[in-house]
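Heads up, work.cif below (mmCIF, C-alpha atoms):
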```cif
data_upload
#
loop_
_atom_site.label_atom_id
_atom_site.label_comp_id
_atom_site.auth_asym_id
_atom_site.auth_seq_id
_atom_site.Cartn_x
_atom_site.Cartn_y
_atom_site.Cartn_z
CA MET A 215 107.24 46.04 40.06
CA ALA A 216 109.55 49.01 40.66
CA LEU A 217 112.30 48.47 43.22
CA GLU A 218 115.41 50.16 44.50
CA MET A 219 118.78 48.62 43.62
CA LEU A 220 121.67 49.31 46.01
CA TYR A 221 125.33 48.63 45.21
CA PHE A 222 128.31 48.49 47.58
CA ALA A 223 132.13 48.29 47.43
CA TRP A 224 133.60 47.43 44.02
CA VAL A 225 130.17 46.70 42.55
CA ARG A 226 129.25 50.34 43.25
CA GLU A 227 132.57 51.57 41.86
CA ARG A 228 132.27 49.56 38.63
CA LEU A 229 128.72 50.79 38.03
CA GLY A 230 129.58 54.36 38.96
CA ARG A 231 126.48 54.61 41.17
CA GLY A 232 125.34 53.47 44.59
CA SER A 233 121.67 53.07 43.78
CA GLU A 234 119.11 53.14 41.01
CA ARG A 235 115.36 52.73 40.63
CA VAL A 236 114.44 49.89 38.25
CA ASP A 237 111.19 48.44 36.97
CA PRO A 238 111.79 44.89 35.73
CA PRO A 239 109.21 42.93 33.70
CA ALA A 240 107.00 40.41 35.46
CA ASP A 241 109.02 37.38 34.34
CA VAL A 242 112.06 38.57 36.34
CA VAL A 243 111.42 36.64 39.54
CA THR A 244 114.85 35.97 41.11
CA VAL A 245 117.93 38.01 42.00
CA ALA A 246 119.90 36.20 39.27
CA ALA A 247 117.21 36.98 36.68
CA LEU A 248 117.28 40.61 37.80
CA LEU A 249 121.05 40.72 37.23
CA ASP A 250 120.58 39.11 33.79
CA TRP A 251 117.89 41.64 32.87
CA LEU A 252 120.03 44.60 34.01
CA SER A 253 123.01 43.19 32.08
CA SER A 254 121.05 42.66 28.87
CA ASP A 255 121.27 46.21 27.58
CA SER A 256 124.08 47.73 29.66
CA THR A 257 127.73 46.75 29.22
CA ALA A 258 128.56 48.39 32.58
CA HIS A 259 126.05 46.15 34.39
CA ALA A 260 127.17 43.10 32.39
CA ALA A 261 130.79 43.73 33.42
CA ALA A 262 129.98 44.40 37.09
CA PHE A 263 127.76 41.30 37.36
CA ALA A 264 129.91 38.96 35.19
CA ASP A 265 131.50 36.94 38.00
CA ARG A 266 128.49 35.69 39.95
CA ASP A 267 130.65 33.66 42.37
CA ARG A 268 132.00 36.95 43.73
CA LEU A 269 128.58 38.54 44.23
CA ARG A 270 126.33 38.41 47.26
CA ALA A 271 122.81 39.80 47.63
CA ALA A 272 120.32 41.08 50.15
CA VAL A 273 116.57 41.44 49.57
CA ASP A 274 114.88 43.96 51.85
CA GLN A 275 118.03 43.96 54.03
CA ALA A 276 118.25 40.18 54.54
CA PHE A 277 121.08 38.14 53.00
CA VAL A 278 119.80 35.73 50.32
CA PRO A 279 121.30 33.40 47.70
CA LEU A 280 121.23 34.64 44.11
CA ASP A 281 118.39 32.24 43.22
CA ALA A 282 116.13 33.85 45.86
CA PRO A 283 112.85 35.47 44.77
CA VAL A 284 112.54 39.22 44.32
CA VAL A 285 108.79 39.34 43.73
CA GLY A 286 107.31 42.00 46.00
CA ALA A 287 110.74 43.22 47.15
CA ARG A 288 111.26 46.92 47.82
CA GLU A 289 115.06 46.90 47.94
CA VAL A 290 117.69 44.60 46.40
CA ALA A 291 121.37 45.10 47.26
CA ILE A 292 124.32 43.62 45.34
CA PHE A 293 127.82 43.51 46.82
CA PRO A 294 130.97 41.39 47.26
CA PRO A 295 131.46 39.09 50.27
CA VAL A 296 131.60 41.18 53.45
CA THR A 297 134.95 42.08 55.08
CA GLY A 298 134.17 43.92 58.32
CA GLY A 299 135.59 43.59 61.80
CA MET B 102 121.49 46.19 77.89
CA ILE B 103 122.30 46.01 74.19
CA ARG B 104 124.23 48.91 72.69
CA VAL B 105 125.11 49.06 68.98
CA SER B 106 126.84 51.94 67.26
CA VAL B 107 128.08 52.35 63.69
CA GLN B 108 129.96 55.61 63.65
CA ARG B 109 132.50 57.77 61.84
CA ASP B 110 133.91 59.11 65.11
CA PRO B 111 136.83 57.37 66.87
CA ILE B 112 135.87 54.60 69.31
CA ASP B 113 136.10 55.63 72.97
CA VAL B 114 136.99 52.32 74.65
CA VAL B 115 137.03 53.77 78.17
CA ALA B 116 133.49 55.09 77.88
CA ALA B 117 132.27 51.89 76.18
CA LEU B 118 133.77 49.67 78.91
CA ALA B 119 132.38 51.86 81.66
CA GLY B 120 128.90 51.33 80.21
CA VAL B 121 129.34 47.56 80.18
CA GLU B 122 130.69 47.47 83.75
CA ALA B 123 127.77 49.45 85.15
CA ASP B 124 125.28 46.59 85.54
CA GLY B 125 126.90 44.71 88.41
CA ALA B 126 128.37 41.85 86.38
CA GLY B 127 131.13 39.63 87.72
CA ALA B 128 132.98 39.47 84.41
CA VAL B 129 133.55 41.74 81.42
CA ALA B 130 135.31 40.56 78.25
CA SER B 131 136.21 42.81 75.34
CA PHE B 132 137.84 42.69 71.91
CA THR B 133 139.34 45.66 70.10
CA GLY B 134 140.26 45.43 66.42
CA LEU B 135 142.90 47.87 65.14
CA VAL B 136 143.99 48.91 61.65
CA ARG B 137 147.20 46.91 61.02
CA ALA B 138 150.22 48.84 59.84
CA ASP B 139 151.35 46.10 57.43
CA ASP B 140 151.58 45.92 53.64
CA GLY B 141 152.14 49.64 53.25
CA VAL B 142 148.52 50.49 54.05
CA GLY B 143 148.23 54.23 54.64
CA ILE B 144 144.45 54.47 54.97
CA LEU B 145 141.78 51.85 55.59
CA GLU B 146 138.27 52.81 54.48
CA LEU B 147 135.16 51.07 55.77
CA GLU B 148 131.91 51.15 53.81
CA HIS B 149 128.65 49.66 55.11
CA TYR B 150 124.97 49.14 54.32
CA PRO B 151 123.15 51.74 56.47
CA GLY B 152 120.13 50.29 58.20
CA MET B 153 120.97 46.65 57.54
CA THR B 154 124.27 46.92 59.41
CA GLU B 155 122.69 48.15 62.63
CA ALA B 156 119.92 45.53 62.35
CA VAL B 157 122.41 42.67 61.86
CA LEU B 158 124.60 43.81 64.77
CA THR B 159 121.56 44.13 67.04
CA THR B 160 120.34 40.65 66.07
CA LEU B 161 123.80 39.16 66.75
CA ALA B 162 123.99 40.94 70.11
CA GLU B 163 120.52 39.79 71.15
CA GLY B 164 121.33 36.21 70.13
CA ALA B 165 124.52 36.18 72.19
CA ALA B 166 122.81 37.81 75.19
CA SER B 167 120.19 35.09 75.16
CA ARG B 168 122.57 32.14 74.51
CA TRP B 169 125.12 33.10 77.21
CA ASP B 170 122.74 34.88 79.63
CA LEU B 171 124.66 38.15 79.33
CA LEU B 172 123.92 41.32 81.26
CA ASP B 173 125.31 43.67 78.61
CA VAL B 174 126.53 43.62 75.03
CA THR B 175 128.19 46.60 73.36
CA ILE B 176 129.27 46.60 69.70
CA VAL B 177 130.88 49.70 68.21
CA HIS B 178 132.06 49.63 64.58
CA ARG B 179 133.73 52.51 62.88
CA VAL B 180 133.15 53.45 59.21
CA GLY B 181 134.91 55.90 56.89
CA PRO B 182 138.67 56.45 56.57
CA MET B 183 141.09 55.35 59.31
CA GLU B 184 144.85 55.24 59.80
CA PRO B 185 147.02 52.35 61.06
CA GLY B 186 146.74 51.96 64.83
CA GLU B 187 143.19 53.34 64.99
CA ARG B 188 140.34 51.21 66.38
CA VAL B 189 138.00 49.69 63.78
CA VAL B 190 135.77 47.61 66.01
CA PHE B 191 135.05 47.11 69.71
CA VAL B 192 132.96 44.33 71.24
CA ALA B 193 132.31 43.93 74.97
CA THR B 194 130.16 41.49 76.91
CA SER B 195 129.34 41.17 80.58
CA ALA B 196 128.08 38.17 82.51
CA ARG B 197 128.05 36.76 86.04
CA HIS B 198 131.11 34.61 85.29
CA ARG B 199 134.09 34.80 82.92
CA ALA B 200 133.42 31.79 80.68
CA ALA B 201 130.18 33.19 79.33
CA ALA B 202 131.61 36.68 78.80
CA LEU B 203 134.73 35.36 77.01
CA GLU B 204 132.89 32.90 74.76
CA ALA B 205 130.19 35.37 73.84
CA CYS B 206 132.76 38.05 72.99
CA ALA B 207 134.69 35.62 70.75
CA SER B 208 131.52 34.50 69.01
CA LEU B 209 130.37 38.05 68.36
CA ILE B 210 133.58 39.19 66.66
CA ASP B 211 133.77 35.96 64.62
CA ARG B 212 130.18 36.27 63.41
CA LEU B 213 130.35 40.03 62.88
CA LYS B 214 133.22 39.54 60.43
CA THR B 215 131.18 37.27 58.14
CA GLU B 216 127.59 38.42 58.74
CA ALA B 217 127.59 42.21 59.04
CA PRO B 218 127.59 44.19 55.77
CA PHE B 219 130.91 46.05 55.96
CA TRP B 220 133.54 46.29 53.23
CA LYS B 221 137.20 47.27 53.66
CA ARG B 222 139.24 49.18 51.11
CA GLU B 223 143.00 49.61 51.57
CA VAL B 224 144.76 52.66 50.21
CA THR B 225 148.52 52.30 49.65
CA ALA B 226 151.11 54.34 47.76
CA ASP B 227 150.39 52.09 44.73
CA GLY B 228 146.65 52.74 44.74
CA ALA B 229 143.53 51.35 46.37
CA ARG B 230 142.14 47.82 46.54
CA TRP B 231 139.07 46.15 48.08
CA VAL B 232 139.99 43.57 50.71
CA GLU B 233 139.00 39.98 49.79
CA ALA B 234 137.02 37.85 52.23
CA ARG B 235 139.07 35.11 53.94
CA CYS B 236 137.96 31.45 54.14
CA GLY B 237 139.33 31.21 57.69
CA ASP B 238 136.88 33.88 58.83
CA GLU B 239 133.95 31.80 57.60
CA ASP B 240 135.29 28.71 59.44
CA ALA B 241 135.67 30.76 62.65
CA ALA B 242 132.09 32.02 62.42
CA ALA B 243 130.64 28.60 61.54
CA ARG B 244 131.75 27.02 64.83
CA TRP B 245 129.37 29.31 66.77
CA ARG B 246 126.24 28.62 64.70
#
```

Produce structure tokens that represent the structure in this file.
Amino acid sequence: MALEMLYFAWVRERLGRGSERVDPPADVVTVAALLDWLSSDSTAHAAAFADRDRLRAAVDQAFVPLDAPVVGAREVAIFPPVTGG
Amino acid sequence: MIRVSVQRDPIDVVAALAGVEADGAGAVASFTGLVRADDGVGILELEHYPGMTEAVLTTLAEGAASRWDLLDVTIVHRVGPMEPGERVVFVATSARHRAAALEACASLIDRLKTEAPFWKREVTADGARWVEARCGDEDAAARWR
């Protein structure tokens, strides 16, 4: 289930990249589980995703809560709360 | 007509307003957001989520046009680096009468601030920092939903 991860604002800065292609195992079914899986063998990801209250997500360009499913998603974006306008 | 632009170029308010006035409306309301010159901010940088941003702004504009029976909605949001005094965002609405145009314009800027994927970064003499979201912005947006 390969998908594209996108990162914005300080999440992008802390990871040192704006996107990456990942292929999580089948038991990773939610955004939160995806963050756990990415954090499991990368200290950079673990640090960037440590404070879940400060993270927001979009799946296929729609805002979702972190417990939303990612099964079948093409694109998952992780970012802080938005501050436009 | 719905017009949405996310652009690095400066916002031309005169041209944007002329477009909104062209459809024979009785009332045009607009909001312009500027980079504040406070807190020693030298540069404000705007990052966004290409693709999703335009889709969200279009959805908000279509929703407002339907709810307030608008003739036109224009939303222009700048991205990239800007200096104090420059325009960050411009929203304009037109309707037959002023109440609809004014309310719709207020709702659009309130909802844009909490629902469109933009992020602000302030650069000062002491370094750069990402702007934190404000609770008051969420309250302002919630009253229109």

Identify all residues satisfying the PyMOL selection byres ((chain B) within 10 of (chain A)) in the given file; provide them as a JSON list (two decimals) with C-alpha atoms, in the coordinates of the input.
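What landed in expr_27.json:
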```json
[["chain", "number", "residue", "atom", "x", "y", "z"],
["B", 133, "THR", "CA", 139.34, 45.66, 70.10],
["B", 134, "GLY", "CA", 140.26, 45.43, 66.42],
["B", 135, "LEU", "CA", 142.90, 47.87, 65.14],
["B", 136, "VAL", "CA", 143.99, 48.91, 61.65],
["B", 147, "LEU", "CA", 135.16, 51.07, 55.77],
["B", 148, "GLU", "CA", 131.91, 51.15, 53.81],
["B", 149, "HIS", "CA", 128.65, 49.66, 55.11],
["B", 150, "TYR", "CA", 124.97, 49.14, 54.32],
["B", 151, "PRO", "CA", 123.15, 51.74, 56.47],
["B", 152, "GLY", "CA", 120.13, 50.29, 58.20],
["B", 153, "MET", "CA", 120.97, 46.65, 57.54],
["B", 154, "THR", "CA", 124.27, 46.92, 59.41],
["B", 156, "ALA", "CA", 119.92, 45.53, 62.35],
["B", 157, "VAL", "CA", 122.41, 42.67, 61.86],
["B", 178, "HIS", "CA", 132.06, 49.63, 64.58],
["B", 179, "ARG", "CA", 133.73, 52.51, 62.88],
["B", 180, "VAL", "CA", 133.15, 53.45, 59.21],
["B", 189, "VAL", "CA", 138.00, 49.69, 63.78],
["B", 190, "VAL", "CA", 135.77, 47.61, 66.01],
["B", 191, "PHE", "CA", 135.05, 47.11, 69.71],
["B", 192, "VAL", "CA", 132.96, 44.33, 71.24],
["B", 210, "ILE", "CA", 133.58, 39.19, 66.66],
["B", 211, "ASP", "CA", 133.77, 35.96, 64.62],
["B", 212, "ARG", "CA", 130.18, 36.27, 63.41],
["B", 213, "LEU", "CA", 130.35, 40.03, 62.88],
["B", 214, "LYS", "CA", 133.22, 39.54, 60.43],
["B", 215, "THR", "CA", 131.18, 37.27, 58.14],
["B", 216, "GLU", "CA", 127.59, 38.42, 58.74],
["B", 217, "ALA", "CA", 127.59, 42.21, 59.04],
["B", 218, "PRO", "CA", 127.59, 44.19, 55.77],
["B", 219, "PHE", "CA", 130.91, 46.05, 55.96],
["B", 220, "TRP", "CA", 133.54, 46.29, 53.23],
["B", 221, "LYS", "CA", 137.20, 47.27, 53.66],
["B", 222, "ARG", "CA", 139.24, 49.18, 51.11],
["B", 230, "ARG", "CA", 142.14, 47.82, 46.54],
["B", 231, "TRP", "CA", 139.07, 46.15, 48.08],
["B", 232, "VAL", "CA", 139.99, 43.57, 50.71],
["B", 233, "GLU", "CA", 139.00, 39.98, 49.79],
["B", 234, "ALA", "CA", 137.02, 37.85, 52.23],
["B", 235, "ARG", "CA", 139.07, 35.11, 53.94],
["B", 238, "ASP", "CA", 136.88, 33.88, 58.83]]
```

B:Ala128 environment, 7 Å, only C-alpha atoms, sequence neighbours closer than 5 positions dropped, as a list in words
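So, after excluding close chain neighbours, the residues are Ser195, Ala196, Arg197, His198, Arg199 and Ala202 of chain B.
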
Extract, using only C-alpha atoms, all DNA, RNA and protein residues at most 7 Å from B:Ala205, discarding same-chain residues fewer than 5 positions from it, and format them as a PDB file with C-alpha atoms, keeping the file's coordinate frame.
```
ATOM      1  CA  ALA B 165     124.520  36.180  72.190  1.00  0.00           C
ATOM      2  CA  TRP B 169     125.120  33.100  77.210  1.00  0.00           C
ATOM      3  CA  THR B 194     130.160  41.490  76.910  1.00  0.00           C
TER       4      THR B 194
END
```

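For the set A:Met219, A:Ile292, A:Leu252, A:Val242, the residue with the smallest atom-to-atom gap to A:Arg266 is A:Ile292, counting only C-alpha atoms.
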
To one decimal in Å, tell me the separation between atom CA of B:Glu239 and atom CA of B:Ile176.
19.7 Å

I need the residue set behind the PyMOL selection byres ((chain A and resi 235) around 8) for this file; please write it as a list in words.
Ala216, Leu217, Glu218, Met219, Ser233, Glu234, Val236 and Asp237 of chain A

Assuming 8 Å of padding per side, give the centre and edge lengths of the axis-aligned box around every listed atom of stretch 178-191 of chain B, in Å to one decimal and as AutoDock Vina command-line options.
```
--center_x 139.5 --center_y 51.8 --center_z 63.1 --size_x 31.0 --size_y 25.3 --size_z 29.1
```

Atom CA of B:Gly120 sits from atom CA of B:Arg137 at a separation of 26.9 Å

Mind giving me the straight-line distance from atom CA of B:Gly228 to atom CA of A:Phe263 in Å, one decimal?
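One can read the atom CA of B:Gly228 to atom CA of A:Phe263 distance as 23.3 Å.
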
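Minimum distance to B:Glu122 across B:Cys236, B:Asp173, B:Glu163, B:Pro185 (counting all atoms listed in the file) occurs at B:Asp173.
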
Let me know the residues the PyMOL selection byres ((chain B and resi 102) around 8) catches in the file above, as a ChimeraX atom specification.
/B:103-104,172-174

Residue among B:Glu155, B:Asp170, B:Asp139, B:Glu223 lying closest to B:Ser106, counting only C-alpha atoms:
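Smallest separation from B:Ser106 among the options: B:Glu155.
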
Contact residues around B:Ala229 with all atoms listed in the file at 10 Å, ignoring same-chain residues under 6 positions, as a PyMOL selection string
chain B and resi 142-146+222-223

Close residues, A:Val285 itself excluded, 8 Å, all atoms listed in the file, min 4 positions apart in chain, as a PDB file with C-alpha atoms, in the coordinates of the input:
```pdb
ATOM      1  CA  MET A 215     107.240  46.040  40.060  1.00  0.00           C
ATOM      2  CA  VAL A 243     111.420  36.640  39.540  1.00  0.00           C
ATOM      3  CA  THR A 244     114.850  35.970  41.110  1.00  0.00           C
TER       4      THR A 244
END
```

Closest of B:Gly141, B:Pro111, B:Gly237, B:Gly164 to B:Pro182 - atom-to-atom distances counting all atoms listed in the file:
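Closest candidate: B:Pro111.
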
Name the closest residue to A:Ala246 among the candidates A:Ala282, A:Val290, A:Val225, A:Ala261; distances are taken between atoms, counting all atoms listed in the file.
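Going through A:Ala282, A:Val290, A:Val225, A:Ala261 one by one, the smallest distance to A:Ala246 is for A:Ala282.
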